[in-house]
$ cat data_4.tsv   # TSV, C-alpha atoms
chain	number	residue	atom	x	y	z
Z	1	MET	CA	30.58	-42.48	12.73
Z	2	GLY	CA	33.33	-42.50	10.12
Z	3	GLU	CA	37.05	-43.03	10.58
Z	4	LEU	CA	40.03	-40.72	10.64
Z	5	ILE	CA	42.18	-41.56	7.61
Z	6	LEU	CA	45.83	-40.54	7.53
Z	7	VAL	CA	47.82	-40.27	4.29
Z	8	ARG	CA	51.55	-39.62	4.29
Z	9	HIS	CA	52.77	-37.73	1.22
Z	10	GLY	CA	54.63	-39.58	-1.52
Z	11	GLU	CA	58.38	-39.92	-1.82
Z	12	THR	CA	60.72	-36.92	-2.20
Z	13	GLU	CA	64.47	-36.92	-2.80
Z	14	TRP	CA	65.06	-36.17	0.89
Z	15	SER	CA	62.65	-38.79	2.23
Z	16	LEU	CA	64.45	-41.29	0.01
Z	17	SER	CA	67.83	-40.37	1.52
Z	18	GLY	CA	66.57	-40.06	5.09
Z	19	ARG	CA	67.13	-36.32	5.45
Z	20	HIS	CA	64.87	-34.52	7.92
Z	21	THR	CA	62.46	-32.43	5.86
Z	22	SER	CA	60.09	-29.95	7.45
Z	23	TYR	CA	59.98	-26.46	5.94
Z	24	THR	CA	62.10	-27.23	2.83
Z	25	ASP	CA	59.39	-27.38	0.17
Z	26	LEU	CA	60.46	-30.29	-2.02
Z	27	PRO	CA	58.42	-31.78	-4.88
Z	28	LEU	CA	57.46	-35.43	-5.19
Z	29	THR	CA	59.71	-37.73	-7.17
Z	30	ALA	CA	58.19	-39.66	-10.08
Z	31	HIS	CA	57.83	-42.63	-7.75
Z	32	GLY	CA	56.24	-40.36	-5.14
Z	33	GLN	CA	53.63	-39.33	-7.70
Z	34	GLU	CA	52.89	-43.00	-8.40
Z	35	GLN	CA	52.50	-43.61	-4.66
Z	36	ALA	CA	50.05	-40.72	-4.38
Z	37	ARG	CA	47.93	-42.00	-7.28
Z	38	ALA	CA	47.84	-45.44	-5.64
Z	39	VAL	CA	46.04	-43.98	-2.61
Z	40	ALA	CA	42.90	-43.25	-4.65
Z	41	PRO	CA	41.79	-46.89	-5.11
Z	42	LEU	CA	42.19	-47.49	-1.37
Z	43	LEU	CA	39.56	-44.83	-0.69
Z	44	ALA	CA	37.32	-45.30	-3.73
Z	45	ASP	CA	34.40	-46.78	-1.78
Z	46	ARG	CA	34.65	-44.59	1.32
Z	47	PRO	CA	32.49	-41.47	1.85
Z	48	VAL	CA	34.70	-38.52	2.82
Z	49	GLY	CA	33.13	-35.51	4.47
Z	50	LEU	CA	36.27	-33.48	5.15
Z	51	ALA	CA	39.81	-33.53	3.73
Z	52	LEU	CA	42.59	-31.41	5.23
Z	53	VAL	CA	46.12	-31.05	3.85
Z	54	SER	CA	49.45	-29.59	4.94
Z	55	PRO	CA	50.45	-26.42	3.06
Z	56	LEU	CA	53.68	-27.95	1.73
Z	57	GLN	CA	53.71	-28.90	-1.96
Z	58	ARG	CA	54.62	-32.55	-1.39
Z	59	ALA	CA	51.41	-32.96	0.62
Z	60	VAL	CA	49.23	-30.78	-1.61
Z	61	HIS	CA	50.36	-32.66	-4.73
Z	62	THR	CA	49.74	-35.98	-2.99
Z	63	ALA	CA	46.22	-34.84	-2.11
Z	64	GLU	CA	45.53	-33.82	-5.70
Z	65	LEU	CA	46.83	-37.07	-7.19
Z	66	ALA	CA	44.89	-39.10	-4.59
Z	67	GLY	CA	41.65	-37.41	-5.64
Z	68	PHE	CA	41.37	-34.65	-3.03
Z	69	LYS	CA	41.82	-31.54	-5.16
Z	70	ASN	CA	39.56	-29.56	-2.84
Z	71	ALA	CA	41.33	-30.52	0.40
Z	72	ARG	CA	41.57	-27.55	2.72
Z	73	ILE	CA	45.09	-26.31	3.46
Z	74	THR	CA	45.61	-26.46	7.21
Z	75	PRO	CA	48.84	-24.98	8.64
Z	76	ASP	CA	48.66	-27.14	11.78
Z	77	LEU	CA	49.31	-30.21	9.56
Z	78	HIS	CA	52.83	-28.92	8.76
Z	79	GLU	CA	55.66	-31.34	9.49
Z	80	TRP	CA	57.60	-31.12	12.76
Z	81	ASP	CA	59.90	-28.07	12.53
Z	82	TYR	CA	63.35	-29.68	12.70
Z	83	GLY	CA	65.14	-26.36	13.27
Z	84	GLY	CA	68.89	-26.87	13.02
Z	85	TYR	CA	68.45	-30.48	11.91
Z	86	GLU	CA	66.70	-29.61	8.65
Z	87	GLY	CA	68.25	-31.56	5.78
Z	88	ILE	CA	70.37	-33.70	8.12
Z	89	THR	CA	70.04	-37.45	8.64
Z	90	THR	CA	69.77	-39.16	12.01
Z	91	VAL	CA	73.10	-40.89	11.34
Z	92	GLU	CA	74.78	-37.49	10.93
Z	93	ILE	CA	73.19	-36.13	14.12
Z	94	HIS	CA	74.36	-39.16	16.09
Z	95	ARG	CA	77.98	-38.37	15.25
Z	96	SER	CA	77.87	-35.43	17.65
Z	97	ARG	CA	74.89	-36.52	19.79
Z	98	PRO	CA	75.01	-40.33	19.93
Z	99	ASP	CA	72.10	-40.58	22.38
Z	100	TRP	CA	69.84	-38.11	20.56
Z	101	ASN	CA	66.20	-39.13	20.18
Z	102	LEU	CA	63.81	-36.85	18.29
Z	103	TRP	CA	60.82	-38.16	20.22
Z	104	THR	CA	62.13	-37.13	23.63
Z	105	ASP	CA	64.87	-34.56	22.93
Z	106	GLY	CA	63.35	-32.39	20.20
Z	107	VAL	CA	65.75	-30.54	17.90
Z	108	ALA	CA	68.51	-27.94	17.89
Z	109	PRO	CA	67.53	-24.30	17.16
Z	110	GLY	CA	67.56	-23.40	13.48
Z	111	PRO	CA	67.71	-20.21	11.40
Z	112	ALA	CA	65.43	-17.21	11.88
Z	113	GLY	CA	61.81	-18.26	11.70
Z	114	HIS	CA	62.62	-21.91	12.37
Z	115	PRO	CA	63.52	-22.33	16.05
Z	116	GLY	CA	62.53	-25.98	15.95
Z	117	GLU	CA	59.73	-27.65	17.92
Z	118	SER	CA	59.62	-29.77	21.02
Z	119	PRO	CA	57.54	-32.96	21.07
Z	120	ALA	CA	54.99	-31.16	23.25
Z	121	GLU	CA	54.64	-28.32	20.73
Z	122	VAL	CA	53.99	-30.75	17.89
Z	123	GLY	CA	51.52	-32.55	20.15
Z	124	ALA	CA	49.62	-29.31	20.75
Z	125	ARG	CA	49.20	-28.82	17.00
Z	126	ALA	CA	48.03	-32.41	16.66
Z	127	ASP	CA	45.46	-31.88	19.40
Z	128	ARG	CA	44.00	-28.91	17.52
Z	129	VAL	CA	43.68	-30.97	14.34
Z	130	LEU	CA	42.11	-33.84	16.27
Z	131	ALA	CA	39.54	-31.51	17.83
Z	132	GLU	CA	38.37	-30.35	14.39
Z	133	ALA	CA	38.40	-33.89	13.00
Z	134	ASP	CA	36.42	-35.24	15.96
Z	135	ALA	CA	33.74	-32.59	15.54
Z	136	ALA	CA	33.37	-33.50	11.86
Z	137	LEU	CA	33.30	-37.24	12.57
Z	138	ARG	CA	30.63	-36.90	15.25
Z	139	ALA	CA	28.46	-34.82	12.90
Z	140	GLY	CA	27.82	-37.76	10.55
Z	141	ASP	CA	28.95	-41.09	9.13
Z	142	GLU	CA	31.61	-39.81	6.72
Z	143	ASP	CA	35.37	-40.16	7.05
Z	144	VAL	CA	37.88	-37.37	7.63
Z	145	VAL	CA	41.11	-37.51	5.61
Z	146	LEU	CA	44.37	-35.85	6.69
Z	147	ILE	CA	47.21	-35.62	4.12
Z	148	ALA	CA	50.45	-34.69	5.82
Z	149	HIS	CA	53.87	-35.88	6.98
Z	150	SER	CA	55.42	-38.84	8.76
Z	151	HIS	CA	56.48	-37.47	12.13
Z	152	PHE	CA	53.49	-35.19	12.50
Z	153	LEU	CA	51.01	-37.97	11.71
Z	154	ARG	CA	52.81	-40.30	14.11
Z	155	VAL	CA	52.49	-37.72	16.89
Z	156	LEU	CA	48.83	-37.22	15.99
Z	157	THR	CA	48.23	-40.97	16.22
Z	158	ALA	CA	49.83	-41.09	19.65
Z	159	ARG	CA	47.67	-38.21	20.85
Z	160	TYR	CA	44.53	-39.82	19.37
Z	161	LEU	CA	45.27	-42.96	21.40
Z	162	GLY	CA	45.83	-40.97	24.59
Z	163	LEU	CA	49.63	-41.33	24.53
Z	164	PRO	CA	52.16	-38.52	24.92
Z	165	ALA	CA	53.63	-37.08	21.73
Z	166	SER	CA	56.72	-39.25	22.24
Z	167	GLY	CA	54.50	-42.29	21.66
Z	168	GLY	CA	54.71	-41.51	17.95
Z	169	ALA	CA	57.99	-43.42	18.01
Z	170	LEU	CA	55.92	-46.62	18.06
Z	171	PHE	CA	54.39	-46.08	14.60
Z	172	VAL	CA	56.48	-46.49	11.46
Z	173	LEU	CA	54.90	-44.68	8.51
Z	174	ASP	CA	56.11	-45.12	4.92
Z	175	THR	CA	55.77	-42.60	2.09
Z	176	GLY	CA	52.44	-42.88	0.29
Z	177	ALA	CA	50.97	-45.04	3.05
Z	178	LEU	CA	47.41	-44.90	4.33
Z	179	SER	CA	46.33	-45.56	7.91
Z	180	ARG	CA	42.95	-45.55	9.65
Z	181	LEU	CA	42.00	-44.59	13.19
Z	182	GLY	CA	38.57	-45.49	14.51
Z	183	ARG	CA	36.69	-46.41	17.65
Z	184	GLU	CA	35.65	-49.63	19.35
Z	185	HIS	CA	33.04	-49.27	22.09
Z	186	ASP	CA	33.74	-45.53	21.77
Z	187	ARG	CA	37.42	-46.04	22.63
Z	188	PRO	CA	40.10	-44.89	20.14
Z	189	VAL	CA	41.80	-47.70	18.22
Z	190	VAL	CA	44.00	-48.27	15.18
Z	191	THR	CA	41.93	-50.04	12.51
Z	192	ALA	CA	44.61	-50.16	9.77
Z	193	TRP	CA	48.21	-49.03	9.61
Z	194	ASN	CA	50.81	-48.23	6.95
Z	195	SER	CA	48.76	-49.69	4.08
Z	196	VAL	CA	49.81	-49.39	0.45
Z	197	LEU	CA	48.24	-50.70	-2.74
Z	198	GLN	CA	50.05	-53.91	-3.67
Z	199	HIS	CA	50.97	-54.23	-7.35
Z	200	THR	CA	51.09	-57.73	-8.74
Z	201	ALA	CA	53.30	-58.78	-11.65
Z	202	ASN	CA	51.58	-59.72	-14.90
$ encode --input "data_4.tsv" --output "structure tokens"
Amino acid sequence: MGELILVRHGETEWSLSGRHTSYTDLPLTAHGQEQARAVAPLLADRPVGLALVSPLQRAVHTAELAGFKNARITPDLHEWDYGGYEGITTVEIHRSRPDWNLWTDGVAPGPAGHPGESPAEVGARADRVLAEADAALRAGDEDVVLIAHSHFLRVLTARYLGLPASGGALFVLDTGALSRLGREHDRPVVTAWNSVLQHTAN
């Protein structure tokens, strides 16, 4: 049985500045493109049977640069809908809501079409993705790759481990990072987390 491999998209201008980015469809920065290309060597020797990607361009471009040009766009891999907190940093939110915690409080309602999501709603999407990934993993020995976003992948990891969606708070995930979820004695475990290709100076 293969592993579930998670790839967070490369850097964008908003991820660099800490602004919550869900439905705003930003491109990768030049550094973000470099991060995406650096994922490919980390997976060069691994057989991949299924690759799924968020519909947002920062994830799709990351998938392409990482060698997954045929990854299937999967709407459930979309980032947490931040509603009224789109484009706003946590520091700015804390000025009016000093005790606010995304993982337990969710977000404020946003504009039409973006009411925001609760942790449980994001968790339900993650469960659907996990069900498809599990079926593919149990069908053979190949890995399943998911290319998506920080908060969504952190919720998905929590759900994979049997934790509530709020458990995603425990897993820091950098741009361009790769993580692996597997099984030990048929129990879900983290086998690698937040890995990036290390560049050495000449």
$ closest_residue --input "data_4.tsv" --among "Z:Ala108, Z:Leu77, Z:Leu153, Z:Leu16" --to "Ser96 of chain Z" --atoms "all atoms listed in the file"
Z:Ala108
$ atom_distance --input "data_4.tsv" --atom1 "atom CA of Leu6 of chain Z" --atom2 "atom CA of Arg19 of chain Z"
21.8 Å
$ closest_residue --input "data_4.tsv" --among "Z:Ile93, Z:Glu13, Z:His185, Z:Ile147" --to "Ala51 of chain Z" --atoms "all atoms listed in the file"
Z:Ile147
$ closest_residue --input "data_4.tsv" --among "Z:Gly162, Z:Gly67, Z:Gly123, Z:Gly87" --to "Ala36 of chain Z" --atoms "only C-alpha atoms"
Z:Gly67
$ residues_around --input "data_4.tsv" --residues "segment 126-138 of chain Z" --least-positions-apart "5" --cutoff "9 Å" --atoms "only C-alpha atoms" --output "PDB file with C-alpha atoms, in the coordinates of the input"
ATOM      1  CA  MET Z   1      30.580 -42.480  12.730  1.00  0.00           C
ATOM      2  CA  GLY Z   2      33.330 -42.500  10.120  1.00  0.00           C
ATOM      3  CA  GLU Z   3      37.050 -43.030  10.580  1.00  0.00           C
ATOM      4  CA  LEU Z   4      40.030 -40.720  10.640  1.00  0.00           C
ATOM      5  CA  GLY Z  49      33.130 -35.510   4.470  1.00  0.00           C
ATOM      6  CA  LEU Z  50      36.270 -33.480   5.150  1.00  0.00           C
ATOM      7  CA  THR Z  74      45.610 -26.460   7.210  1.00  0.00           C
ATOM      8  CA  ASP Z  76      48.660 -27.140  11.780  1.00  0.00           C
ATOM      9  CA  LEU Z  77      49.310 -30.210   9.560  1.00  0.00           C
ATOM     10  CA  GLU Z 121      54.640 -28.320  20.730  1.00  0.00           C
ATOM     11  CA  ASP Z 143      35.370 -40.160   7.050  1.00  0.00           C
ATOM     12  CA  VAL Z 144      37.880 -37.370   7.630  1.00  0.00           C
ATOM     13  CA  VAL Z 145      41.110 -37.510   5.610  1.00  0.00           C
ATOM     14  CA  LEU Z 146      44.370 -35.850   6.690  1.00  0.00           C
ATOM     15  CA  PHE Z 152      53.490 -35.190  12.500  1.00  0.00           C
ATOM     16  CA  LEU Z 153      51.010 -37.970  11.710  1.00  0.00           C
ATOM     17  CA  VAL Z 155      52.490 -37.720  16.890  1.00  0.00           C
ATOM     18  CA  LEU Z 156      48.830 -37.220  15.990  1.00  0.00           C
ATOM     19  CA  THR Z 157      48.230 -40.970  16.220  1.00  0.00           C
ATOM     20  CA  ARG Z 159      47.670 -38.210  20.850  1.00  0.00           C
ATOM     21  CA  TYR Z 160      44.530 -39.820  19.370  1.00  0.00           C
ATOM     22  CA  ALA Z 165      53.630 -37.080  21.730  1.00  0.00           C
TER      23      ALA Z 165
END
$ build_atoms --input "data_4.tsv" --residues "segment 78-89 of chain Z" --atoms "all heavy atoms" --output "PDB file, keeping the file's coordinate frame"
ATOM      1  N   HIS Z  78      51.418 -29.051   9.155  1.00  0.00           N
ATOM      2  CA  HIS Z  78      52.830 -28.920   8.760  1.00  0.00           C
ATOM      3  C   HIS Z  78      53.679 -29.946   9.497  1.00  0.00           C
ATOM      4  O   HIS Z  78      53.381 -30.333  10.631  1.00  0.00           O
ATOM      5  CB  HIS Z  78      53.287 -27.498   9.126  1.00  0.00           C
ATOM      6  CG  HIS Z  78      54.566 -27.072   8.477  1.00  0.00           C
ATOM      7  ND1 HIS Z  78      55.792 -27.571   8.848  1.00  0.00           N
ATOM      8  CD2 HIS Z  78      54.804 -26.168   7.500  1.00  0.00           C
ATOM      9  CE1 HIS Z  78      56.728 -26.992   8.116  1.00  0.00           C
ATOM     10  NE2 HIS Z  78      56.159 -26.141   7.290  1.00  0.00           N
ATOM     11  N   GLU Z  79      54.742 -30.391   8.845  1.00  0.00           N
ATOM     12  CA  GLU Z  79      55.660 -31.340   9.490  1.00  0.00           C
ATOM     13  C   GLU Z  79      56.340 -30.701  10.698  1.00  0.00           C
ATOM     14  O   GLU Z  79      56.427 -29.475  10.813  1.00  0.00           O
ATOM     15  CB  GLU Z  79      56.706 -31.830   8.469  1.00  0.00           C
ATOM     16  CG  GLU Z  79      57.747 -32.811   9.015  1.00  0.00           C
ATOM     17  CD  GLU Z  79      57.167 -34.109   9.557  1.00  0.00           C
ATOM     18  OE1 GLU Z  79      56.407 -34.058  10.546  1.00  0.00           O
ATOM     19  OE2 GLU Z  79      57.511 -35.191   9.018  1.00  0.00           O
ATOM     20  N   TRP Z  80      56.792 -31.524  11.615  1.00  0.00           N
ATOM     21  CA  TRP Z  80      57.600 -31.120  12.760  1.00  0.00           C
ATOM     22  C   TRP Z  80      58.696 -30.175  12.277  1.00  0.00           C
ATOM     23  O   TRP Z  80      59.428 -30.497  11.332  1.00  0.00           O
ATOM     24  CB  TRP Z  80      58.224 -32.371  13.358  1.00  0.00           C
ATOM     25  CG  TRP Z  80      58.877 -32.291  14.696  1.00  0.00           C
ATOM     26  CD1 TRP Z  80      59.676 -31.302  15.177  1.00  0.00           C
ATOM     27  CD2 TRP Z  80      58.798 -33.286  15.725  1.00  0.00           C
ATOM     28  NE1 TRP Z  80      60.109 -31.605  16.433  1.00  0.00           N
ATOM     29  CE2 TRP Z  80      59.593 -32.821  16.796  1.00  0.00           C
ATOM     30  CE3 TRP Z  80      58.161 -34.523  15.849  1.00  0.00           C
ATOM     31  CZ2 TRP Z  80      59.753 -33.554  17.979  1.00  0.00           C
ATOM     32  CZ3 TRP Z  80      58.318 -35.248  17.010  1.00  0.00           C
ATOM     33  CH2 TRP Z  80      59.092 -34.767  18.066  1.00  0.00           C
ATOM     34  N   ASP Z  81      58.827 -29.001  12.893  1.00  0.00           N
ATOM     35  CA  ASP Z  81      59.900 -28.070  12.530  1.00  0.00           C
ATOM     36  C   ASP Z  81      61.201 -28.605  13.114  1.00  0.00           C
ATOM     37  O   ASP Z  81      61.391 -28.601  14.335  1.00  0.00           O
ATOM     38  CB  ASP Z  81      59.589 -26.667  13.058  1.00  0.00           C
ATOM     39  CG  ASP Z  81      60.600 -25.619  12.588  1.00  0.00           C
ATOM     40  OD1 ASP Z  81      61.745 -25.996  12.261  1.00  0.00           O
ATOM     41  OD2 ASP Z  81      60.251 -24.423  12.568  1.00  0.00           O
ATOM     42  N   TYR Z  82      62.103 -29.061  12.239  1.00  0.00           N
ATOM     43  CA  TYR Z  82      63.350 -29.680  12.700  1.00  0.00           C
ATOM     44  C   TYR Z  82      64.443 -28.672  13.038  1.00  0.00           C
ATOM     45  O   TYR Z  82      65.549 -29.070  13.431  1.00  0.00           O
ATOM     46  CB  TYR Z  82      63.868 -30.656  11.645  1.00  0.00           C
ATOM     47  CG  TYR Z  82      62.923 -31.798  11.355  1.00  0.00           C
ATOM     48  CD1 TYR Z  82      62.511 -32.065  10.059  1.00  0.00           C
ATOM     49  CD2 TYR Z  82      62.439 -32.612  12.371  1.00  0.00           C
ATOM     50  CE1 TYR Z  82      61.641 -33.110   9.775  1.00  0.00           C
ATOM     51  CE2 TYR Z  82      61.570 -33.657  12.105  1.00  0.00           C
ATOM     52  CZ  TYR Z  82      61.181 -33.899  10.801  1.00  0.00           C
ATOM     53  OH  TYR Z  82      60.320 -34.938  10.530  1.00  0.00           O
ATOM     54  N   GLY Z  83      64.167 -27.377  12.867  1.00  0.00           N
ATOM     55  CA  GLY Z  83      65.140 -26.360  13.270  1.00  0.00           C
ATOM     56  C   GLY Z  83      66.500 -26.581  12.642  1.00  0.00           C
ATOM     57  O   GLY Z  83      66.648 -26.674  11.425  1.00  0.00           O
ATOM     58  N   GLY Z  84      67.522 -26.700  13.483  1.00  0.00           N
ATOM     59  CA  GLY Z  84      68.890 -26.870  13.020  1.00  0.00           C
ATOM     60  C   GLY Z  84      69.175 -28.231  12.408  1.00  0.00           C
ATOM     61  O   GLY Z  84      70.265 -28.445  11.861  1.00  0.00           O
ATOM     62  N   TYR Z  85      68.237 -29.149  12.485  1.00  0.00           N
ATOM     63  CA  TYR Z  85      68.450 -30.480  11.910  1.00  0.00           C
ATOM     64  C   TYR Z  85      67.794 -30.641  10.543  1.00  0.00           C
ATOM     65  O   TYR Z  85      67.747 -31.750   9.991  1.00  0.00           O
ATOM     66  CB  TYR Z  85      67.923 -31.552  12.870  1.00  0.00           C
ATOM     67  CG  TYR Z  85      68.729 -31.661  14.148  1.00  0.00           C
ATOM     68  CD1 TYR Z  85      68.166 -32.172  15.315  1.00  0.00           C
ATOM     69  CD2 TYR Z  85      70.062 -31.237  14.204  1.00  0.00           C
ATOM     70  CE1 TYR Z  85      68.912 -32.262  16.481  1.00  0.00           C
ATOM     71  CE2 TYR Z  85      70.794 -31.316  15.370  1.00  0.00           C
ATOM     72  CZ  TYR Z  85      70.219 -31.831  16.500  1.00  0.00           C
ATOM     73  OH  TYR Z  85      70.950 -31.927  17.668  1.00  0.00           O
ATOM     74  N   GLU Z  86      67.285 -29.550   9.991  1.00  0.00           N
ATOM     75  CA  GLU Z  86      66.700 -29.610   8.650  1.00  0.00           C
ATOM     76  C   GLU Z  86      67.741 -30.068   7.634  1.00  0.00           C
ATOM     77  O   GLU Z  86      68.866 -29.562   7.582  1.00  0.00           O
ATOM     78  CB  GLU Z  86      66.176 -28.220   8.256  1.00  0.00           C
ATOM     79  CG  GLU Z  86      65.509 -28.163   6.905  1.00  0.00           C
ATOM     80  CD  GLU Z  86      64.092 -28.713   6.914  1.00  0.00           C
ATOM     81  OE1 GLU Z  86      63.620 -29.137   7.990  1.00  0.00           O
ATOM     82  OE2 GLU Z  86      63.456 -28.717   5.848  1.00  0.00           O
ATOM     83  N   GLY Z  87      67.374 -31.055   6.830  1.00  0.00           N
ATOM     84  CA  GLY Z  87      68.250 -31.560   5.780  1.00  0.00           C
ATOM     85  C   GLY Z  87      69.345 -32.491   6.253  1.00  0.00           C
ATOM     86  O   GLY Z  87      70.203 -32.895   5.468  1.00  0.00           O
ATOM     87  N   ILE Z  88      69.332 -32.851   7.537  1.00  0.00           N
ATOM     88  CA  ILE Z  88      70.370 -33.700   8.120  1.00  0.00           C
ATOM     89  C   ILE Z  88      69.774 -35.052   8.480  1.00  0.00           C
ATOM     90  O   ILE Z  88      68.629 -35.138   8.937  1.00  0.00           O
ATOM     91  CB  ILE Z  88      70.978 -33.018   9.371  1.00  0.00           C
ATOM     92  CG1 ILE Z  88      71.582 -31.662   8.992  1.00  0.00           C
ATOM     93  CG2 ILE Z  88      72.040 -33.897  10.019  1.00  0.00           C
ATOM     94  CD1 ILE Z  88      72.091 -30.873  10.179  1.00  0.00           C
ATOM     95  N   THR Z  89      70.525 -36.109   8.304  1.00  0.00           N
ATOM     96  CA  THR Z  89      70.040 -37.450   8.640  1.00  0.00           C
ATOM     97  C   THR Z  89      70.281 -37.755  10.114  1.00  0.00           C
ATOM     98  O   THR Z  89      71.127 -37.135  10.766  1.00  0.00           O
ATOM     99  CB  THR Z  89      70.734 -38.529   7.800  1.00  0.00           C
ATOM    100  OG1 THR Z  89      72.117 -38.593   8.175  1.00  0.00           O
ATOM    101  CG2 THR Z  89      70.624 -38.226   6.309  1.00  0.00           C
TER     102      THR Z  89
END
